[in-house]
file entry-v8.csv (CSV, C-alpha atoms and all ligand atoms)
chain,number,residue,atom,x,y,z
A,273,MET,CA,-4.8,-22.3,-7.5
A,274,HIS,CA,-8.5,-21.5,-7.0
A,275,GLN,CA,-9.3,-17.9,-7.9
A,276,LYS,CA,-10.9,-17.3,-4.4
A,277,THR,CA,-7.7,-18.5,-2.7
A,278,ILE,CA,-5.7,-16.1,-4.8
A,279,VAL,CA,-8.0,-13.2,-3.8
A,280,ILE,CA,-7.8,-14.2,-0.1
A,281,LEU,CA,-4.0,-14.5,-0.3
A,282,LEU,CA,-3.8,-11.1,-2.0
A,283,PHE,CA,-5.8,-9.5,0.8
A,284,THR,CA,-3.9,-11.2,3.6
A,285,SER,CA,-0.6,-10.2,2.1
A,286,LEU,CA,-1.9,-6.6,1.7
A,287,SER,CA,-3.1,-6.4,5.3
A,288,ILE,CA,0.2,-8.0,6.5
A,289,MET,CA,2.0,-5.3,4.5
A,290,LEU,CA,-0.1,-2.6,6.2
A,291,ALA,CA,0.3,-4.1,9.6
A,292,ASN,CA,4.0,-4.3,9.0
A,293,GLY,CA,3.7,-0.6,8.5
A,294,GLN,CA,4.6,0.3,5.0
A,295,LEU,CA,3.8,3.8,4.0
A,296,ASP,CA,0.8,4.0,1.7
A,297,TYR,CA,-0.9,6.5,-0.6
A,298,TYR,CA,-4.4,5.7,0.7
A,299,TYR,CA,-3.5,5.6,4.4
A,300,TYR,CA,-5.9,8.3,5.5
A,301,SER,CA,-8.9,7.2,3.5
A,302,SER,CA,-11.0,8.5,6.4
A,303,CYS,CA,-9.6,12.0,5.9
A,304,PRO,CA,-10.0,12.7,2.2
A,305,ASN,CA,-9.5,16.5,2.5
A,306,LEU,CA,-6.1,16.2,4.2
A,307,PRO,CA,-4.0,17.2,1.2
A,308,MET,CA,-6.2,20.2,0.5
A,309,ILE,CA,-6.2,21.3,4.2
A,310,VAL,CA,-2.4,21.2,4.2
A,311,LYS,CA,-2.1,23.0,0.8
A,312,TYR,CA,-4.4,25.8,2.0
A,313,GLY,CA,-2.5,26.1,5.3
A,314,VAL,CA,0.8,26.5,3.5
A,315,TRP,CA,-0.7,28.8,0.9
A,316,ALA,CA,-2.2,31.1,3.6
A,317,ALA,CA,1.1,31.1,5.5
A,318,MET,CA,3.0,32.0,2.4
A,319,LYS,CA,0.6,34.9,1.6
A,320,ASN,CA,1.6,36.3,5.0
A,321,ASP,CA,5.3,35.5,4.8
A,322,THR,CA,6.9,34.5,1.6
A,323,ARG,CA,9.9,33.0,3.4
A,324,ILE,CA,7.8,30.4,5.2
A,325,ALA,CA,8.0,28.0,2.3
A,326,ALA,CA,11.8,27.7,2.7
A,327,SER,CA,11.4,27.4,6.4
A,328,LEU,CA,9.0,24.5,6.2
A,329,LEU,CA,11.2,22.7,3.7
A,330,ARG,CA,14.1,23.0,6.1
A,331,LEU,CA,12.1,22.0,9.1
A,332,HIS,CA,11.2,18.7,7.4
A,333,PHE,CA,14.9,18.1,6.6
A,334,HIS,CA,15.9,18.8,10.2
A,335,ASP,CA,13.2,16.4,11.4
A,336,CYS,CA,14.2,13.6,9.2
A,337,PHE,CA,18.0,13.7,9.9
A,338,VAL,CA,17.4,13.3,13.6
A,339,ASN,CA,15.7,10.1,14.8
A,340,GLY,CA,14.2,9.7,11.3
A,341,CYS,CA,11.1,11.5,10.1
A,342,ASP,CA,9.1,11.3,13.4
A,343,GLY,CA,8.1,14.9,14.2
A,344,SER,CA,10.8,15.0,16.9
A,345,VAL,CA,11.9,18.5,15.9
A,346,LEU,CA,8.3,19.7,16.7
A,347,LEU,CA,8.5,18.7,20.4
A,348,ASP,CA,8.8,21.6,22.9
A,349,ASP,CA,11.2,21.5,25.9
A,350,THR,CA,9.6,21.1,29.3
A,351,LYS,CA,10.9,20.9,32.8
A,352,THR,CA,11.5,17.2,32.4
A,353,PHE,CA,12.1,16.9,28.7
A,354,THR,CA,14.8,18.3,26.4
A,355,GLY,CA,13.7,18.5,22.7
A,356,GLU,CA,15.6,19.5,19.6
A,357,LYS,CA,14.4,23.1,19.2
A,358,ASN,CA,17.4,24.5,21.1
A,359,ALA,CA,20.1,22.4,19.5
A,360,GLY,CA,22.8,24.5,17.8
A,361,PRO,CA,21.5,24.1,14.2
A,362,ASN,CA,17.9,24.8,15.2
A,363,ARG,CA,17.9,27.5,17.9
A,364,ASN,CA,17.0,30.9,16.5
A,365,SER,CA,17.2,29.4,13.1
A,366,VAL,CA,14.5,26.8,12.2
A,367,ARG,CA,11.0,28.3,11.9
A,368,GLY,CA,7.5,27.3,10.8
A,369,PHE,CA,6.3,25.6,14.0
A,370,GLU,CA,3.2,27.8,14.3
A,371,VAL,CA,2.2,27.0,10.7
A,372,ILE,CA,2.4,23.2,11.4
A,373,ASP,CA,0.4,23.8,14.7
A,374,ASN,CA,-2.3,25.8,12.8
A,375,ILE,CA,-2.6,23.2,10.0
A,376,LYS,CA,-2.8,20.4,12.7
A,377,ALA,CA,-5.6,22.3,14.4
A,378,ASP,CA,-7.5,22.5,11.0
A,379,VAL,CA,-6.8,18.8,10.4
A,380,GLU,CA,-8.1,17.9,13.9
A,381,ARG,CA,-11.3,19.7,13.2
A,382,ALA,CA,-11.9,17.7,10.0
A,383,CYS,CA,-10.5,14.3,11.2
A,384,PRO,CA,-9.9,14.1,15.0
A,385,LEU,CA,-6.9,12.1,16.2
A,386,THR,CA,-6.2,10.6,12.8
A,387,VAL,CA,-3.3,12.3,11.1
A,388,SER,CA,0.2,12.4,12.5
A,389,CYS,CA,2.2,15.6,12.9
A,390,VAL,CA,5.1,14.2,10.9
A,391,ASP,CA,2.8,13.4,7.9
A,392,ILE,CA,1.5,17.0,8.1
A,393,LEU,CA,5.1,18.3,8.1
A,394,THR,CA,6.0,16.0,5.2
A,395,LEU,CA,3.1,17.1,3.1
A,396,ALA,CA,3.7,20.8,4.0
A,397,ALA,CA,7.3,20.6,2.8
A,398,ARG,CA,6.0,19.2,-0.6
A,399,GLU,CA,3.3,21.9,-0.9
A,400,ALA,CA,5.9,24.6,0.0
A,401,VAL,CA,8.1,23.5,-3.0
A,402,VAL,CA,5.1,23.2,-5.3
A,403,LEU,CA,3.7,26.6,-4.4
A,404,SER,CA,7.2,28.1,-4.9
A,405,GLY,CA,7.2,26.9,-8.5
A,406,GLY,CA,9.1,23.6,-7.9
A,407,PRO,CA,8.3,20.0,-8.7
A,408,ASN,CA,5.6,17.9,-7.3
A,409,TRP,CA,6.0,14.3,-6.0
A,410,PRO,CA,3.8,11.7,-4.4
A,411,VAL,CA,3.9,11.5,-0.6
A,412,ALA,CA,3.0,8.1,0.8
A,413,LEU,CA,1.6,8.4,4.3
A,414,GLY,CA,1.3,6.6,7.6
A,415,ARG,CA,4.4,7.9,9.4
A,416,ARG,CA,3.7,7.9,13.2
A,417,ASP,CA,4.8,10.6,15.6
A,418,GLY,CA,7.8,9.6,17.8
A,419,LEU,CA,7.6,9.6,21.6
A,420,THR,CA,11.0,11.3,22.1
A,421,ALA,CA,13.6,13.7,20.6
A,422,ASN,CA,17.3,13.7,20.6
A,423,MET,CA,19.1,17.0,21.2
A,424,LYS,CA,22.6,15.4,21.0
A,425,ALA,CA,21.8,13.8,17.6
A,426,ALA,CA,20.5,17.1,16.4
A,427,ASN,CA,23.9,18.7,17.2
A,428,THR,CA,25.9,15.9,15.6
A,429,ASN,CA,23.8,14.6,12.6
A,430,LEU,CA,22.8,17.9,11.0
A,431,PRO,CA,25.4,19.2,8.6
A,432,SER,CA,27.2,22.5,9.3
A,433,PRO,CA,28.1,25.0,6.6
A,434,PHE,CA,31.6,25.1,8.0
A,435,GLU,CA,32.5,21.5,7.6
A,436,PRO,CA,34.1,19.9,4.5
A,437,LEU,CA,32.1,18.2,1.8
A,438,ALA,CA,33.4,14.8,2.8
A,439,ASN,CA,32.0,15.3,6.3
A,440,ILE,CA,28.6,16.4,4.9
A,441,THR,CA,28.5,13.4,2.6
A,442,ALA,CA,29.2,11.1,5.5
A,443,LYS,CA,26.3,12.6,7.4
A,444,PHE,CA,24.0,12.0,4.5
A,445,ALA,CA,25.4,8.4,4.1
A,446,ALA,CA,24.6,7.8,7.7
A,447,VAL,CA,20.9,8.2,6.9
A,448,GLY,CA,21.1,6.3,3.6
A,449,LEU,CA,21.5,9.2,1.2
A,450,ASP,CA,24.3,9.3,-1.4
A,451,SER,CA,26.5,12.0,-2.9
A,452,ARG,CA,23.9,12.8,-5.6
A,453,ASP,CA,21.3,13.4,-2.8
A,454,VAL,CA,23.8,15.8,-1.3
A,455,VAL,CA,24.0,17.8,-4.5
A,456,VAL,CA,20.3,17.5,-5.3
A,457,LEU,CA,18.9,18.4,-1.8
A,458,SER,CA,21.4,21.2,-1.4
A,459,GLY,CA,19.3,22.7,-4.3
A,460,ALA,CA,16.7,23.5,-1.6
A,461,HIS,CA,19.0,26.5,-1.1
A,462,THR,CA,17.3,28.0,-4.2
A,463,ILE,CA,14.8,29.4,-1.7
A,464,GLY,CA,15.1,31.1,1.6
A,465,LEU,CA,17.6,33.1,3.7
A,466,ALA,CA,20.7,32.7,5.9
A,467,GLN,CA,22.0,34.7,8.7
A,468,CYS,CA,25.4,36.5,8.3
A,469,PHE,CA,27.2,34.3,10.8
A,470,THR,CA,26.7,31.3,8.6
A,471,PHE,CA,29.0,32.6,5.9
A,472,LYS,CA,30.7,35.8,7.3
A,473,ASN,CA,34.0,33.9,7.7
A,474,ARG,CA,34.2,34.0,3.9
A,475,LEU,CA,34.1,37.8,3.6
A,476,PHE,CA,37.0,39.2,5.6
A,477,ASP,CA,39.6,36.7,6.8
A,478,PHE,CA,39.0,33.3,5.2
A,479,LYS,CA,41.0,30.6,7.1
A,480,GLY,CA,43.5,33.1,8.4
A,481,THR,CA,44.5,34.4,4.9
A,482,GLY,CA,43.4,38.0,5.7
A,483,GLN,CA,41.6,37.8,2.4
A,484,PRO,CA,38.0,36.8,1.4
A,485,ASP,CA,37.3,33.3,0.2
A,486,PRO,CA,38.8,33.1,-3.4
A,487,ASP,CA,35.9,30.9,-4.3
A,488,LEU,CA,33.4,33.7,-3.7
A,489,ASP,CA,32.8,36.1,-6.5
A,490,SER,CA,34.4,39.4,-5.5
A,491,SER,CA,31.5,41.7,-6.4
A,492,LEU,CA,29.2,39.4,-4.4
A,493,ALA,CA,31.6,39.5,-1.5
A,494,THR,CA,31.6,43.3,-1.6
A,495,SER,CA,27.8,43.5,-1.5
A,496,LEU,CA,27.6,41.0,1.2
A,497,LYS,CA,30.0,43.0,3.3
A,498,THR,CA,27.4,45.8,3.3
A,499,SER,CA,24.8,43.6,4.9
A,500,CYS,CA,27.2,41.7,7.0
A,501,PRO,CA,29.8,44.3,8.3
A,502,ASN,CA,32.6,42.8,10.4
A,503,VAL,CA,31.0,43.4,13.7
A,504,ASP,CA,29.1,40.9,15.9
A,505,LYS,CA,26.0,43.1,15.7
A,506,SER,CA,25.5,42.0,12.1
A,507,ASN,CA,25.5,38.2,12.8
A,508,THR,CA,21.8,37.7,12.5
A,509,ASN,CA,21.2,39.9,9.5
A,510,LEU,CA,19.5,38.0,6.7
A,511,ASN,CA,20.7,37.3,3.1
A,512,SER,CA,19.3,35.4,0.2
A,513,LEU,CA,20.7,31.9,-0.3
A,514,ASP,CA,19.9,32.4,-4.0
A,515,MET,CA,20.2,36.1,-4.7
A,516,VAL,CA,18.8,35.8,-8.2
A,517,THR,CA,15.4,34.4,-7.4
A,518,THR,CA,15.2,34.2,-3.6
A,519,TYR,CA,11.7,32.8,-3.3
A,520,LYS,CA,11.4,30.9,-6.6
A,521,PHE,CA,12.1,27.2,-6.6
A,522,ASP,CA,14.2,27.0,-9.8
A,523,ASN,CA,17.8,25.9,-10.8
A,524,ALA,CA,19.3,29.3,-10.2
A,525,TYR,CA,21.1,27.9,-7.2
A,526,TYR,CA,23.3,25.7,-9.5
A,527,LYS,CA,23.9,28.6,-12.0
A,528,ASN,CA,25.1,30.6,-9.0
A,529,LEU,CA,27.5,27.9,-8.0
A,530,VAL,CA,28.9,27.8,-11.5
A,531,ASN,CA,29.5,31.5,-11.2
A,532,ASN,CA,31.2,31.3,-7.8
A,533,ALA,CA,28.1,32.9,-6.2
A,534,GLY,CA,27.1,30.3,-3.7
A,535,LEU,CA,26.4,31.8,-0.3
A,536,LEU,CA,27.5,29.1,2.1
A,537,GLU,CA,31.0,27.6,2.0
A,538,SER,CA,29.2,24.2,1.9
A,539,ASP,CA,27.2,25.3,-1.2
A,540,GLN,CA,30.3,26.5,-3.1
A,541,ALA,CA,32.2,23.3,-2.0
A,542,LEU,CA,30.0,21.3,-4.4
A,543,MET,CA,32.2,22.9,-7.2
A,544,GLY,CA,35.4,21.8,-5.5
A,545,ASP,CA,35.0,18.1,-6.3
A,546,PRO,CA,34.9,16.9,-9.9
A,547,GLN,CA,32.1,14.4,-9.3
A,548,THR,CA,29.7,16.8,-7.6
A,549,ALA,CA,30.8,19.7,-9.8
A,550,SER,CA,29.7,17.7,-12.9
A,551,MET,CA,26.2,17.2,-11.3
A,552,VAL,CA,26.1,20.9,-10.5
A,553,ASN,CA,26.9,21.7,-14.1
A,554,ASP,CA,24.1,19.4,-15.4
A,555,TYR,CA,21.5,20.9,-13.0
A,556,SER,CA,22.6,24.4,-14.0
A,557,MET,CA,21.8,23.6,-17.6
A,558,TYR,CA,18.8,21.3,-17.3
A,559,PRO,CA,16.1,22.5,-14.8
A,560,TYR,CA,13.8,19.6,-15.4
A,561,LEU,CA,16.6,17.2,-14.7
A,562,PHE,CA,17.0,18.9,-11.3
A,563,TYR,CA,13.2,18.9,-10.7
A,564,ARG,CA,13.0,15.2,-11.5
A,565,ASP,CA,16.0,14.3,-9.2
A,566,PHE,CA,14.8,16.6,-6.5
A,567,ALA,CA,11.5,14.8,-6.4
A,568,THR,CA,13.3,11.5,-6.1
A,569,SER,CA,15.6,12.6,-3.3
A,570,MET,CA,12.7,14.2,-1.4
A,571,VAL,CA,10.9,10.9,-1.4
A,572,LYS,CA,14.1,9.3,0.0
A,573,LEU,CA,14.4,12.0,2.6
A,574,GLY,CA,10.8,11.6,3.7
A,575,ASN,CA,11.3,7.8,4.2
A,576,ILE,CA,14.3,8.0,6.5
A,577,GLY,CA,13.7,6.0,9.7
A,578,VAL,CA,9.9,6.3,9.7
A,579,ILE,CA,7.9,4.8,12.5
A,580,THR,CA,4.8,2.9,11.3
A,581,GLY,CA,2.1,0.4,12.2
A,582,GLN,CA,1.4,0.3,16.0
A,583,ASN,CA,4.6,2.1,17.0
A,584,GLY,CA,4.7,5.7,18.0
A,585,GLN,CA,1.4,7.6,18.2
A,586,VAL,CA,-0.7,10.2,16.5
A,587,ARG,CA,0.0,13.3,18.6
A,588,LYS,CA,-3.0,15.5,19.6
A,589,LYS,CA,-0.7,18.5,19.6
A,590,CYS,CA,2.5,18.6,17.7
A,591,GLY,CA,4.5,20.2,20.5
A,592,GLU,CA,3.9,17.5,23.0
A,593,VAL,CA,3.6,13.7,23.3
A,594,ASN,CA,0.1,12.6,24.3
A,595,HIS,CA,-0.4,12.0,28.0
B,1,LIG,C1,24.0,19.9,2.6
B,1,LIG,C2,24.2,20.4,3.9
B,1,LIG,C3,23.4,21.6,4.4
B,1,LIG,C4,24.0,22.6,5.1
B,1,LIG,C5,25.4,22.7,5.6
B,1,LIG,C6,22.9,23.6,5.3
B,1,LIG,C7,23.0,24.7,6.1
B,1,LIG,C8,22.1,25.7,6.1
B,1,LIG,C9,22.3,27.0,6.8
B,1,LIG,C10,23.5,27.3,7.6
B,1,LIG,C11,21.2,27.7,6.6
B,1,LIG,C12,20.9,29.1,7.2
B,1,LIG,C13,20.4,29.0,8.6
B,1,LIG,C14,20.3,30.3,9.3
B,1,LIG,O1,20.9,31.3,8.9
B,1,LIG,O2,19.6,30.4,10.4
B,1,LIG,C15,20.3,26.9,5.8
B,1,LIG,C16,19.0,27.4,5.4
B,1,LIG,C17,18.2,26.6,4.6
B,1,LIG,N1,18.3,25.3,4.3
B,1,LIG,FE1,20.0,24.2,4.5
B,1,LIG,N2,21.8,23.1,4.7
B,1,LIG,C18,22.0,21.9,4.1
B,1,LIG,C19,21.1,21.1,3.5
B,1,LIG,C20,19.8,21.4,3.3
B,1,LIG,C21,18.8,20.5,2.8
B,1,LIG,C22,19.0,19.0,2.5
B,1,LIG,C23,17.6,21.2,2.8
B,1,LIG,C24,16.2,20.7,2.4
B,1,LIG,C25,16.0,19.7,1.6
B,1,LIG,C26,17.9,22.5,3.2
B,1,LIG,C27,17.0,23.6,3.2
B,1,LIG,C28,17.3,24.9,3.6
B,1,LIG,C29,16.4,26.0,3.4
B,1,LIG,C30,15.1,25.9,2.6
B,1,LIG,C31,16.9,27.1,4.1
B,1,LIG,C32,16.3,28.5,4.2
B,1,LIG,C33,15.4,28.5,5.4
B,1,LIG,C34,14.7,29.8,5.7
B,1,LIG,O3,14.8,30.7,5.0
B,1,LIG,O4,14.0,29.8,6.8
B,1,LIG,N3,19.2,22.6,3.5
B,1,LIG,N4,20.9,25.7,5.5
B,2,LIG,C1,2.9,36.4,9.6
B,2,LIG,O1,4.3,36.4,9.4
B,2,LIG,C2,5.0,37.0,10.5
B,2,LIG,C3,6.4,37.0,10.1
B,2,LIG,O2,7.0,35.7,10.0
B,2,LIG,C4,4.7,36.2,11.8
B,2,LIG,O3,5.4,36.7,12.9
B,2,LIG,C5,3.2,36.2,12.0
B,2,LIG,O4,3.0,35.3,13.1
B,2,LIG,C6,2.5,35.7,10.8
B,2,LIG,N1,1.0,35.8,11.0
B,2,LIG,C7,0.2,34.9,10.8
B,2,LIG,C8,-1.3,35.2,11.0
B,2,LIG,O5,0.5,33.8,10.4
B,3,LIG,C1,35.4,16.1,9.6
B,3,LIG,O1,35.4,14.7,9.9
B,3,LIG,C2,36.7,14.3,10.4
B,3,LIG,C3,36.6,12.8,10.5
B,3,LIG,O2,35.4,12.3,11.1
B,3,LIG,C4,36.9,15.0,11.8
B,3,LIG,O3,38.1,14.6,12.4
B,3,LIG,C5,36.9,16.5,11.6
B,3,LIG,O4,36.9,17.2,12.8
B,3,LIG,C6,35.6,16.9,10.8
B,3,LIG,N1,35.8,18.3,10.4
B,3,LIG,C7,35.0,19.3,10.7
B,3,LIG,C8,35.3,20.7,10.3
B,3,LIG,O5,33.9,19.1,11.3

call {"tool": "encode", "arguments": {"input": "entry-v8.csv", "output": "structure tokens"}}
result
Amino acid sequence: MHQKTIVILLFTSLSIMLANGQLDYYYYSSCPNLPMIVKYGVWAAMKNDTRIAASLLRLHFHDCFVNGCDGSVLLDDTKTFTGEKNAGPNRNSVRGFEVIDNIKADVERACPLTVSCVDILTLAAREAVVLSGGPNWPVALGRRDGLTANMKAANTNLPSPFEPLANITAKFAAVGLDSRDVVVLSGAHTIGLAQCFTFKNRLFDFKGTGQPDPDLDSSLATSLKTSCPNVDKSNTNLNSLDMVTTYKFDNAYYKNLVNNAGLLESDQALMGDPQTASMVNDYSMYPYLFYRDFATSMVKLGNIGVITGQNGQVRKKCGEVNH
């Protein structure tokens, strides 16, 4: 074949690929400062509130498990529209919306109507991990914002801390993630906090036994009872998911599980199955193995059900579809 023909063919196939809507590392060539703007926004938010890194990471997860990564979790309810913010797993629980709105405003000033909210959230989750001391990974861009949200799917697709590991694994499988991804992404619980009601059933009368959960270290149970006394009033009190290094992205989460010191029942359940327990053991011993696998699983998470090409839109404001 003639050299020129080959070059032309290469370019056509490249542009067809782009038109077909593959994600791409150079997607926002007209917004070269995007990664720095997002990084600064996350850094400033963390300076004000250390916990926000964990919250942004979780917000990205809750976006991607419902309708794919499409910014659906960011949409506000209106008189005529029901979003996901008030779904069971989200209401009074997910946070970080203002941070995404602020970063979006900064990005709009630099590059008007160019960058989607879902790409900003995806980048912010990565920066949150990096700035917490965790691994870095490349984020390909070009996700478009969805036009809708799905409250029902938010209630059914997102895993609950009270359901068995098999059910959680099934919910991951439904979005193309395997049992290693369950173990690896659960490692996100190395940062951030949980309200007492998400694990209190383990402290007093576990499954009608009248006893605490036998898979919860008894001295940890005792100290958790202080912050989560057996009265409804304590339900929203906050506790560290990883009580050793609450805001540091490290492998302490897995060391805790090996020591029966996982906070959520769903965390400790990873030790209850030989296959997942062996992964937990590996990650507890080899932090860089965890970092490498976490990066890999986060790329998979960020690619779930993305909208690309001419579909969807670039929202002007992350809380509402353009009108
Ligand atoms: C495997 C199934 C999972 C279950 C059952 C689960 C459940 C929970 C629950 C109940 C909380 C506390 C919420 C509250 O008290 O308001 C929480 C917090 C958190 N989750 Fe998960 N989660 C899971 C997987 C994940 C994944 C895959 C990620 C991210 C990759 C993640 C990131 C986080 C983070 C960072 C926090 C702390 C948030 C903060 O402090 O604001 N979780 N999770
Ligand atoms: C700082 O963090 C607090 C606690 O999360 C939050 O209520 C407040 O809005 C934040 N302020 C700024 C300027 O981000
Ligand atoms: C787990 O999944 C099974 C089968 O889908 C279902 O019947 C059961 O109610 C689920 N358990 C919980 C606690 O959600």

call {"tool": "residues_near_ligand", "arguments": {"input": "entry-v8.csv", "ligand": "ligand LIG 1 (chain B)", "cutoff": "8 Å", "atoms": "only C-alpha atoms and all ligand atoms", "output": "PyMOL selection string"}}
result
chain A and resi 323-334+361-362+364-367+430-435+440-441+454-455+457-471+508+510+513+536+538-539+570+573

call {"tool": "residues_around", "arguments": {"input": "entry-v8.csv", "residues": "A:Ser569", "least_positions_apart": "2", "cutoff": "8 Å", "atoms": "only C-alpha atoms", "output": "ChimeraX atom specification"}}
result
/A:453,456-457,565-567,571-573

call {"tool": "write_last_selection", "arguments": {"input": "entry-v8.csv", "atoms": "C-alpha atoms", "output": "CSV table (one decimal), in the frame of the given file"}}
result
chain,number,residue,atom,x,y,z
A,453,ASP,CA,21.3,13.4,-2.8
A,456,VAL,CA,20.3,17.5,-5.3
A,457,LEU,CA,18.9,18.4,-1.8
A,565,ASP,CA,16.0,14.3,-9.2
A,566,PHE,CA,14.8,16.6,-6.5
A,567,ALA,CA,11.5,14.8,-6.4
A,571,VAL,CA,10.9,10.9,-1.4
A,572,LYS,CA,14.1,9.3,0.0
A,573,LEU,CA,14.4,12.0,2.6

call {"tool": "residues_around", "arguments": {"input": "entry-v8.csv", "residues": "A:Val387", "least_positions_apart": "5", "cutoff": "10 Å", "atoms": "only C-alpha atoms", "output": "ChimeraX atom specification"}}
result
/A:299-300,302-303,306,376,379-380,392,413-417,585-588

call {"tool": "closest_residue", "arguments": {"input": "entry-v8.csv", "among": "A:Met423, A:Leu475, A:Ala438, A:Ala400", "to": "ligand LIG 3 (chain B)", "atoms": "all atoms listed in the file"}}
result
A:Ala438

call {"tool": "atom_distance", "arguments": {"input": "entry-v8.csv", "atom1": "atom N1 of ligand LIG 2 (chain B)", "atom2": "atom CA of A:Val371"}}
result
8.9 Å

call {"tool": "closest_residue", "arguments": {"input": "entry-v8.csv", "among": "A:Ser404, A:Thr568, A:Asn594, A:Thr322", "to": "A:Leu385", "atoms": "all atoms listed in the file"}}
result
A:Asn594

call {"tool": "closest_residue", "arguments": {"input": "entry-v8.csv", "among": "A:Val310, A:Phe521, A:Ala533, A:Lys319", "to": "A:Asn408", "atoms": "only C-alpha atoms"}}
result
A:Phe521

call {"tool": "closest_atom_pairs", "arguments": {"input": "entry-v8.csv", "of": "chain A", "to": "ligand LIG 2 (chain B)", "cutoff": "6 Å", "atoms": "only C-alpha atoms and all ligand atoms", "output": "Markdown table"}}
result
| residue | atom | partner | partner_atom | distance |
| --- | --- | --- | --- | --- |
| A:Ala317 | CA | B:LIG2 | O5 | 5.6 |
| A:Asn320 | CA | B:LIG2 | C1 | 4.8 |
| A:Asp321 | CA | B:LIG2 | O1 | 4.8 |

call {"tool": "write_last_selection", "arguments": {"input": "entry-v8.csv", "atoms": "C-alpha atoms", "output": "compact mmCIF listing (two decimals), keeping the file's coordinate frame"}}
result
# COMPACT_ATOMS: atom_id res chain seq x y z
CA ALA A 317 1.10 31.10 5.50
CA ASN A 320 1.60 36.30 5.00
CA ASP A 321 5.30 35.50 4.80

call {"tool": "axis_aligned_box", "arguments": {"input": "entry-v8.csv", "around": "ligand LIG 3 (chain B)", "padding_each_side": "8 Å", "output": "lines of an AutoDock Vina configuration file"}}
result
center_x = 36.0
center_y = 16.5
center_z = 11.2
size_x = 20.2
size_y = 24.4
size_z = 19.2

call {"tool": "residues_around", "arguments": {"input": "entry-v8.csv", "residues": "A:Ser344", "least_positions_apart": "3", "cutoff": "12 Å", "atoms": "only C-alpha atoms", "output": "VMD selection string"}}
result
chain A and resid 331 to 341 347 to 349 354 to 357 369 388 to 390 393 416 to 423 425 to 426 577 to 579 584 587 590 to 593

call {"tool": "atom_distance", "arguments": {"input": "entry-v8.csv", "atom1": "atom CA of A:Leu535", "atom2": "atom CA of A:Tyr555"}}
result
17.4 Å

call {"tool": "closest_residue", "arguments": {"input": "entry-v8.csv", "among": "A:Ala397, A:Ala442, A:Leu542, A:Leu295", "to": "ligand LIG 3 (chain B)", "atoms": "all atoms listed in the file"}}
result
A:Ala442

call {"tool": "atom_distance", "arguments": {"input": "entry-v8.csv", "atom1": "atom CA of A:Asp477", "atom2": "atom N1 of ligand LIG 3 (chain B)"}}
result
19.1 Å

call {"tool": "closest_residue", "arguments": {"input": "entry-v8.csv", "among": "A:Leu437, A:Met308, A:Leu496, A:Ala446", "to": "ligand LIG 3 (chain B)", "atoms": "all atoms listed in the file"}}
result
A:Leu437

call {"tool": "closest_residue", "arguments": {"input": "entry-v8.csv", "among": "A:Val411, A:Asn439, A:Asn509, A:Thr498", "to": "ligand LIG 3 (chain B)", "atoms": "all atoms listed in the file"}}
result
A:Asn439
